[in-house]
file target-v6.pdb (PDB, C-alpha atoms, pLDDT in the B column)
ATOM      1  CA  MET A   1     -10.473  14.255  30.120  1.00 40.00           C
ATOM      2  CA  PRO A   2      -6.765  14.481  29.355  1.00 54.00           C
ATOM      3  CA  ASP A   3      -5.508  17.199  27.071  1.00 84.00           C
ATOM      4  CA  LEU A   4      -7.011  16.204  23.731  1.00 85.00           C
ATOM      5  CA  PHE A   5      -3.952  16.834  21.587  1.00 90.00           C
ATOM      6  CA  LYS A   6      -1.655  14.967  23.980  1.00 89.00           C
ATOM      7  CA  ALA A   7      -4.114  12.075  23.900  1.00 88.00           C
ATOM      8  CA  ILE A   8      -3.947  12.016  20.086  1.00 92.00           C
ATOM      9  CA  GLN A   9      -0.157  11.932  20.261  1.00 94.00           C
ATOM     10  CA  ALA A  10      -0.350   9.089  22.788  1.00 92.00           C
ATOM     11  CA  SER A  11      -2.672   7.207  20.427  1.00 93.00           C
ATOM     12  CA  PHE A  12      -0.104   7.448  17.629  1.00 96.00           C
ATOM     13  CA  GLU A  13       2.730   6.492  19.970  1.00 96.00           C
ATOM     14  CA  ALA A  14       0.765   3.444  21.178  1.00 94.00           C
ATOM     15  CA  LYS A  15       0.707   2.186  17.575  1.00 95.00           C
ATOM     16  CA  GLN A  16       4.316   3.289  16.998  1.00 96.00           C
ATOM     17  CA  TRP A  17       3.185   5.460  14.099  1.00 97.00           C
ATOM     18  CA  ALA A  18       5.737   8.089  13.084  1.00 97.00           C
ATOM     19  CA  PHE A  19       4.370  11.626  13.029  1.00 97.00           C
ATOM     20  CA  GLY A  20       5.350  15.266  13.064  1.00 97.00           C
ATOM     21  CA  VAL A  21       3.726  18.082  15.004  1.00 96.00           C
ATOM     22  CA  ILE A  22       2.874  21.383  13.337  1.00 94.00           C
ATOM     23  CA  PRO A  23       4.411  24.114  15.506  1.00 91.00           C
ATOM     24  CA  ASP A  24       1.970  26.332  17.428  1.00 88.00           C
ATOM     25  CA  ARG A  25      -1.048  24.267  16.320  1.00 91.00           C
ATOM     26  CA  GLU A  26      -2.776  21.204  17.718  1.00 90.00           C
ATOM     27  CA  VAL A  27      -2.065  19.299  14.513  1.00 95.00           C
ATOM     28  CA  LEU A  28       0.010  16.274  13.727  1.00 96.00           C
ATOM     29  CA  GLU A  29       0.873  14.857  10.323  1.00 97.00           C
ATOM     30  CA  ALA A  30       1.845  11.363   9.255  1.00 98.00           C
ATOM     31  CA  SER A  31       2.184   9.248   6.119  1.00 97.00           C
ATOM     32  CA  PHE A  32       1.099   5.656   5.686  1.00 97.00           C
ATOM     33  CA  GLU A  33       1.992   3.125   2.999  1.00 94.00           C
ATOM     34  CA  ALA A  34      -1.215   1.667   1.578  1.00 93.00           C
ATOM     35  CA  HIS A  35      -1.970  -0.719  -1.278  1.00 90.00           C
ATOM     36  CA  HIS A  36      -2.037   1.882  -4.091  1.00 90.00           C
ATOM     37  CA  THR A  37      -0.250   4.902  -2.705  1.00 92.00           C
ATOM     38  CA  ARG A  38       1.346   6.638   0.240  1.00 95.00           C
ATOM     39  CA  VAL A  39      -1.429   8.428   2.113  1.00 97.00           C
ATOM     40  CA  ARG A  40      -0.732  11.682   3.935  1.00 97.00           C
ATOM     41  CA  VAL A  41      -2.848  12.165   7.063  1.00 98.00           C
ATOM     42  CA  HIS A  42      -3.485  15.317   9.068  1.00 97.00           C
ATOM     43  CA  VAL A  43      -5.020  14.976  12.567  1.00 97.00           C
ATOM     44  CA  GLN A  44      -6.265  18.023  14.431  1.00 95.00           C
ATOM     45  CA  ALA A  45      -7.689  18.544  17.908  1.00 91.00           C
ATOM     46  CA  PHE A  46     -10.450  21.074  18.541  1.00 90.00           C
ATOM     47  CA  ALA A  47     -10.353  21.219  22.338  1.00 85.00           C
ATOM     48  CA  PRO A  48     -13.246  23.678  22.901  1.00 86.00           C
ATOM     49  CA  ILE A  49     -15.687  21.163  21.408  1.00 87.00           C
ATOM     50  CA  GLN A  50     -13.668  18.011  22.219  1.00 87.00           C
ATOM     51  CA  ALA A  51     -13.440  17.077  18.524  1.00 90.00           C
ATOM     52  CA  VAL A  52     -10.787  15.180  16.611  1.00 93.00           C
ATOM     53  CA  HIS A  53     -10.583  15.683  12.896  1.00 94.00           C
ATOM     54  CA  VAL A  54      -8.704  13.276  10.576  1.00 98.00           C
ATOM     55  CA  VAL A  55      -7.998  14.223   6.957  1.00 98.00           C
ATOM     56  CA  ALA A  56      -6.320  12.130   4.249  1.00 98.00           C
ATOM     57  CA  THR A  57      -5.085  13.926   1.142  1.00 97.00           C
ATOM     58  CA  SER A  58      -5.025  12.600  -2.407  1.00 96.00           C
ATOM     59  CA  PRO A  59      -1.659  12.495  -4.171  1.00 93.00           C
ATOM     60  CA  PHE A  60      -3.215  14.177  -7.254  1.00 95.00           C
ATOM     61  CA  THR A  61      -3.901  17.771  -8.161  1.00 95.00           C
ATOM     62  CA  PHE A  62      -6.482  18.099 -10.919  1.00 97.00           C
ATOM     63  CA  GLU A  63      -7.019  20.465 -13.821  1.00 96.00           C
ATOM     64  CA  SER A  64     -10.138  22.609 -14.073  1.00 95.00           C
ATOM     65  CA  PHE A  65     -11.528  20.414 -16.861  1.00 96.00           C
ATOM     66  CA  HIS A  66     -11.492  17.397 -14.478  1.00 97.00           C
ATOM     67  CA  LEU A  67     -13.684  19.045 -11.839  1.00 96.00           C
ATOM     68  CA  LEU A  68     -17.122  18.084 -13.175  1.00 96.00           C
ATOM     69  CA  LYS A  69     -16.372  14.343 -13.335  1.00 97.00           C
ATOM     70  CA  LEU A  70     -14.288  14.517 -10.174  1.00 97.00           C
ATOM     71  CA  SER A  71     -17.184  16.133  -8.313  1.00 97.00           C
ATOM     72  CA  GLU A  72     -19.518  13.399  -9.509  1.00 97.00           C
ATOM     73  CA  LEU A  73     -17.084  10.709  -8.360  1.00 97.00           C
ATOM     74  CA  LEU A  74     -16.687  12.266  -4.914  1.00 97.00           C
ATOM     75  CA  MET A  75     -20.427  12.788  -4.464  1.00 97.00           C
ATOM     76  CA  ARG A  76     -21.291   9.231  -5.512  1.00 97.00           C
ATOM     77  CA  THR A  77     -18.551   7.769  -3.329  1.00 97.00           C
ATOM     78  CA  SER A  78     -19.514   9.834  -0.277  1.00 96.00           C
ATOM     79  CA  GLN A  79     -23.111   8.613  -0.621  1.00 95.00           C
ATOM     80  CA  THR A  80     -21.886   5.077   0.059  1.00 93.00           C
ATOM     81  CA  LEU A  81     -19.854   5.863   3.178  1.00 93.00           C
ATOM     82  CA  THR A  82     -20.949   5.381   6.766  1.00 91.00           C
ATOM     83  CA  VAL A  83     -17.967   7.200   8.300  1.00 91.00           C
ATOM     84  CA  GLY A  84     -16.480  10.382   6.879  1.00 95.00           C
ATOM     85  CA  ASN A  85     -16.814  11.889   3.434  1.00 96.00           C
ATOM     86  CA  PHE A  86     -14.828  12.952   0.406  1.00 97.00           C
ATOM     87  CA  GLU A  87     -14.417  16.639  -0.310  1.00 97.00           C
ATOM     88  CA  MET A  88     -12.654  18.839  -2.794  1.00 96.00           C
ATOM     89  CA  VAL A  89     -10.723  21.983  -2.061  1.00 95.00           C
ATOM     90  CA  TRP A  90     -12.028  23.671  -5.174  1.00 93.00           C
ATOM     91  CA  ASP A  91      -9.416  26.422  -5.552  1.00 93.00           C
ATOM     92  CA  GLN A  92      -6.512  24.017  -5.097  1.00 94.00           C
ATOM     93  CA  ARG A  93      -8.240  21.182  -7.027  1.00 94.00           C
ATOM     94  CA  GLN A  94      -7.258  18.793  -4.230  1.00 96.00           C
ATOM     95  CA  VAL A  95      -9.281  15.797  -2.945  1.00 98.00           C
ATOM     96  CA  LEU A  96      -9.629  15.074   0.768  1.00 97.00           C
ATOM     97  CA  PHE A  97     -11.235  12.393   2.903  1.00 98.00           C
ATOM     98  CA  ARG A  98     -12.446  13.835   6.218  1.00 97.00           C
ATOM     99  CA  ALA A  99     -13.778  12.198   9.381  1.00 97.00           C
ATOM    100  CA  THR A 100     -14.551  13.955  12.658  1.00 95.00           C
ATOM    101  CA  ASN A 101     -15.522  12.585  16.050  1.00 92.00           C
ATOM    102  CA  LEU A 102     -16.726  14.366  19.170  1.00 89.00           C
ATOM    103  CA  PHE A 103     -15.566  13.005  22.525  1.00 84.00           C
ATOM    104  CA  ASP A 104     -17.342  13.124  25.864  1.00 78.00           C
ATOM    105  CA  GLU A 105     -15.425  15.543  28.042  1.00 66.00           C
ATOM    106  CA  THR A 106     -16.322  13.537  31.141  1.00 55.00           C
ATOM    107  CA  ALA A 107     -14.747  10.306  29.877  1.00 53.00           C
ATOM    108  CA  ALA A 108     -12.309   8.779  32.348  1.00 49.00           C
ATOM    109  CA  ALA A 109      -9.945   7.548  29.656  1.00 59.00           C
ATOM    110  CA  PHE A 110      -9.369   8.740  26.130  1.00 70.00           C
ATOM    111  CA  PRO A 111     -10.618   6.136  23.602  1.00 80.00           C
ATOM    112  CA  HIS A 112      -7.431   5.489  21.604  1.00 87.00           C
ATOM    113  CA  LYS A 113      -9.190   2.811  19.550  1.00 90.00           C
ATOM    114  CA  ILE A 114     -11.459   5.458  18.054  1.00 91.00           C
ATOM    115  CA  ILE A 115      -8.466   7.509  16.874  1.00 93.00           C
ATOM    116  CA  HIS A 116      -6.865   4.367  15.447  1.00 95.00           C
ATOM    117  CA  ALA A 117     -10.096   3.485  13.625  1.00 94.00           C
ATOM    118  CA  MET A 118     -10.461   7.025  12.238  1.00 95.00           C
ATOM    119  CA  VAL A 119      -6.913   6.968  10.876  1.00 97.00           C
ATOM    120  CA  HIS A 120      -7.381   3.490   9.408  1.00 96.00           C
ATOM    121  CA  ALA A 121     -10.629   4.598   7.752  1.00 96.00           C
ATOM    122  CA  ALA A 122      -9.019   7.718   6.276  1.00 97.00           C
ATOM    123  CA  VAL A 123      -6.069   5.768   4.871  1.00 96.00           C
ATOM    124  CA  ALA A 124      -8.233   2.921   3.553  1.00 94.00           C
ATOM    125  CA  GLU A 125     -10.793   5.198   1.904  1.00 95.00           C
ATOM    126  CA  MET A 126      -8.195   7.382   0.206  1.00 96.00           C
ATOM    127  CA  ASP A 127      -6.312   4.298  -0.947  1.00 94.00           C
ATOM    128  CA  ARG A 128      -9.529   2.718  -2.236  1.00 93.00           C
ATOM    129  CA  LEU A 129     -10.372   5.844  -4.262  1.00 95.00           C
ATOM    130  CA  THR A 130      -6.846   6.424  -5.601  1.00 95.00           C
ATOM    131  CA  PRO A 131      -7.206   4.233  -8.747  1.00 95.00           C
ATOM    132  CA  LEU A 132     -10.466   5.993  -9.637  1.00 95.00           C
ATOM    133  CA  LEU A 133      -8.865   9.387  -9.084  1.00 96.00           C
ATOM    134  CA  ALA A 134      -5.990   8.255 -11.322  1.00 95.00           C
ATOM    135  CA  GLU A 135      -8.475   7.368 -14.060  1.00 95.00           C
ATOM    136  CA  VAL A 136      -9.988  10.844 -13.938  1.00 97.00           C
ATOM    137  CA  HIS A 137      -6.558  12.477 -13.696  1.00 97.00           C
ATOM    138  CA  LYS A 138      -5.104  10.753 -16.781  1.00 96.00           C
ATOM    139  CA  ASN A 139      -7.827  12.055 -19.113  1.00 96.00           C
ATOM    140  CA  ASP A 140      -7.476  15.186 -21.211  1.00 97.00           C
ATOM    141  CA  SER A 141     -10.177  17.836 -21.559  1.00 96.00           C
ATOM    142  CA  ALA A 142     -12.032  15.977 -24.337  1.00 96.00           C
ATOM    143  CA  SER A 143     -11.835  12.402 -23.059  1.00 97.00           C
ATOM    144  CA  VAL A 144     -12.721  13.217 -19.447  1.00 97.00           C
ATOM    145  CA  LEU A 145     -16.246  14.110 -20.581  1.00 94.00           C
ATOM    146  CA  LEU A 146     -16.696  10.553 -21.858  1.00 96.00           C
ATOM    147  CA  LEU A 147     -16.008   8.978 -18.464  1.00 96.00           C
ATOM    148  CA  ASP A 148     -18.934   6.951 -17.120  1.00 97.00           C
ATOM    149  CA  ILE A 149     -18.459   7.441 -13.378  1.00 97.00           C
ATOM    150  CA  PRO A 150     -21.039   4.853 -12.186  1.00 97.00           C
ATOM    151  CA  ARG A 151     -19.445   2.246 -14.445  1.00 96.00           C
ATOM    152  CA  LEU A 152     -15.957   3.232 -13.322  1.00 95.00           C
ATOM    153  CA  MET A 153     -17.019   2.783  -9.697  1.00 94.00           C
ATOM    154  CA  GLN A 154     -18.128  -0.791 -10.386  1.00 93.00           C
ATOM    155  CA  ARG A 155     -14.633  -1.965 -11.299  1.00 88.00           C
ATOM    156  CA  GLU A 156     -13.203  -4.399  -8.792  1.00 83.00           C
ATOM    157  CA  ASP A 157      -9.869  -5.177 -10.418  1.00 82.00           C
ATOM    158  CA  TRP A 158      -8.154  -2.523  -8.288  1.00 75.00           C
ATOM    159  CA  LEU A 159      -9.153  -4.051  -4.982  1.00 69.00           C
ATOM    160  CA  PRO A 160      -6.339  -5.702  -3.029  1.00 66.00           C
ATOM    161  CA  PRO A 161      -6.714  -9.411  -2.338  1.00 66.00           C
ATOM    162  CA  VAL A 162      -8.509 -10.127   0.916  1.00 62.00           C
ATOM    163  CA  SER A 163      -6.833 -12.488   3.327  1.00 59.00           C
ATOM    164  CA  ILE A 164      -8.707 -13.609   6.379  1.00 60.00           C
ATOM    165  CA  GLU A 165      -6.353 -14.485   9.180  1.00 59.00           C
ATOM    166  CA  GLU A 166      -7.644 -16.897  11.747  1.00 54.00           C
ATOM    167  CA  GLU A 167      -7.329 -15.685  15.290  1.00 50.00           C
ATOM    168  CA  GLU A 168      -5.374 -17.842  17.647  1.00 51.00           C
ATOM    169  CA  GLU A 169      -7.258 -19.597  20.390  1.00 50.00           C
ATOM    170  CA  PRO A 170      -6.530 -18.147  23.841  1.00 48.00           C
ATOM    171  CA  VAL A 171      -4.379 -20.431  25.962  1.00 42.00           C
TER     172      VAL A 171
END
call {"tool": "encode", "arguments": {"input": "target-v6.pdb", "output": "structure tokens"}}
result
Amino acid sequence: MPDLFKAIQASFEAKQWAFGVIPDREVLEASFEAHHTRVRVHVQAFAPIQAVHVVATSPFTFESFHLLKLSELLMRTSQTLTVGNFEMVWDQRQVLFRATNLFDETAAAFPHKIIHAMVHAAVAEMDRLTPLLAEVHKNDSASVLLLDIPRLMQREDWLPPVSIEEEEEPV
């Protein structure tokens, strides 16, 4: 298997995604424009276990009084996911979306499509949750307690319009 971190870099280069490398670490960082926000992504290689870890970070930092409702939102949202999960860095009051994949060290070629899919999932999930996070964030200490998280999660007015593009017939 090629060097895992170099393979991640090659995956980003194949998509022409701009990124920066964290010096002395097998980590790259990038930002992507999404429907609701700009999503910061952190991708890390863990060579000893052949793992790639993709993390998207919320643009919000929350107050302590938000944490109960925020925790409920993250738990309920993570229950619905098939790939990755939402987490909170409690001390920093920061929300993350995290997905990790383990790769077969005997693979002949690095599966770039998996990296692309992990990044797309991280960006899409953080973007999808951003309006709900904004709703929690805008509340003060009294009104946040009145938030009905299950009802909030049912809102669909934040979803971007879906356009289905027809694929061209091969010639």
call {"tool": "resolve_selection", "arguments": {"input": "target-v6.pdb", "expression": "the PyMOL selection byres ((chain A and resi 24-39) around 10)", "output": "number ranges by chain"}}
result
A: 4-6, 8-9, 12, 17-23, 40-47, 52-59, 119-120, 122-131, 158-161
call {"tool": "closest_residue", "arguments": {"input": "target-v6.pdb", "among": "A:Gln94, A:Asn101, A:Ser11, A:Thr61", "to": "Lys138 of chain A", "atoms": "all atoms listed in the file"}}
result
A:Thr61
call {"tool": "closest_residue", "arguments": {"input": "target-v6.pdb", "among": "A:Ile149, A:Ile49, A:Ala7, A:Val89", "to": "Phe103 of chain A", "atoms": "all atoms listed in the file"}}
result
A:Ile49
call {"tool": "atom_distance", "arguments": {"input": "target-v6.pdb", "atom1": "atom CA of Met118 of chain A", "atom2": "atom CA of Val95 of chain A"}}
result
17.6 Å
call {"tool": "atom_distance", "arguments": {"input": "target-v6.pdb", "atom1": "atom CA of Glu72 of chain A", "atom2": "atom CA of Ser143 of chain A"}}
result
15.6 Å
call {"tool": "atom_distance", "arguments": {"input": "target-v6.pdb", "atom1": "atom CA of Asp140 of chain A", "atom2": "atom CA of Phe65 of chain A"}}
result
7.9 Å
call {"tool": "closest_residue", "arguments": {"input": "target-v6.pdb", "among": "A:Lys15, A:Arg76, A:Arg93, A:His112", "to": "His137 of chain A", "atoms": "all atoms listed in the file"}}
result
A:Arg93
